[in-house]
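Read through the structure below, which is laid out as structure tokens, and then see the notes.
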Amino acid sequence: FAVAGDGGERINLENLAKSLGAEIEFLGNVSDIASLYKRAKVLLSCSNFEGLGNTLIEAINYDCVRVATRTSGAKELIKDGFDGLLCEINDADQMSEKLEKMLQDEAKMGEFVKNARARLDEFSVEQIYKKWLELLKLGGVK
């Protein structure tokens, strides 16, 4: 298990991992994020709030299964049980249970990856541009 990024909670997380005897590698800021995706099977996104998160899109390109909290962005990017898993915000028990169950089912993980790849075009720059144009037209912009 690896945690990328740095922030105010890092020391607390390191202490918690140590007290639980968990084998977690705290990487800090990672400049070569592609190498991290390549070694990962799963991307966990535990945000309390997040827009359309790039990490949830990038993970698809590296065949990582996405498990995320039900933020507005994650709900747009993941169809729960189809191409990833969604968990309630601040419910670590639920996320742990879903993650553990999923990791025991390689076939289901492969299905999630395949289904996510099939939806990847929905999040291309071109598709997002078209959606913005539609919204602007609905708002009366010509």
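Going by the structure tokens order, chains are called A, B, ..., each with residues numbered from 1, while ligands are numbered from 1 in the order shown.
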
**Shell around Ala2 (chain A) at 9 Å using only C-alpha atoms, local window under 4 positions removed, as a list in words** = Glu23, Ile24, Glu25, Phe26, Leu27, Leu36 and Ala40 of chain A

**Request:** Determine, counting only C-alpha atoms, which protein, DNA and RNA residues have an atom within 10 Å of an atom of Gly28 (chain A); residues of the same chain fewer than 3 positions away are not included. Present the result as a VMD selection string.
**Result:** chain A and resid 2 to 7 10 25 31

Output C-alpha atoms of each residue in that selection to a file, as a PDB file, in the first residue's frame.
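The resulting file, out-v9.pdb, is reproduced below:
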ATOM      1  CA  ALA A   2       1.414   3.401  -0.947  1.00  0.00           C
ATOM      2  CA  VAL A   3       0.240   6.923  -0.170  1.00  0.00           C
ATOM      3  CA  ALA A   4       1.274   9.695  -2.553  1.00  0.00           C
ATOM      4  CA  GLY A   5       1.194  13.362  -1.648  1.00  0.00           C
ATOM      5  CA  ASP A   6       2.097  15.536   1.279  1.00  0.00           C
ATOM      6  CA  GLY A   7       0.010  17.509   3.675  1.00  0.00           C
ATOM      7  CA  ARG A  10       0.983  13.004   6.933  1.00  0.00           C
ATOM      8  CA  GLU A  25       4.822   3.392   2.097  1.00  0.00           C
ATOM      9  CA  SER A  31       6.922  13.854  -9.696  1.00  0.00           C
TER      10      SER A  31
END

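Here CA of Tyr62 (chain A) and CA of Ala116 (chain A) stand 10.9 Å from one another.
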
**Message:** Here is a test: counting only C-alpha atoms, which residue of A:Val42, A:Ala22, A:Leu13, A:Leu99 is nearest to Glu58 (chain A)?
**Reply:**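 Ranking A:Val42, A:Ala22, A:Leu13, A:Leu99 by distance to Glu58 (chain A), first place goes to A:Val42.
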
**Fill in**
Using only C-alpha atoms, the residue out of A:Ile128, A:Ala68, A:Cys46, A:Ala92 with shortest distance to Asp80 (chain A) is A:Ala68

**Request:** Considering only C-alpha atoms, return as a ChimeraX atom specification whatever protein or nucleic-acid residues lie within 8 Å of region 77-79 of chain A, sequence-local ones (same chain, fewer than 4 positions apart) excluded.
**Result:** /A:52,56-57,66,73,83-86,116
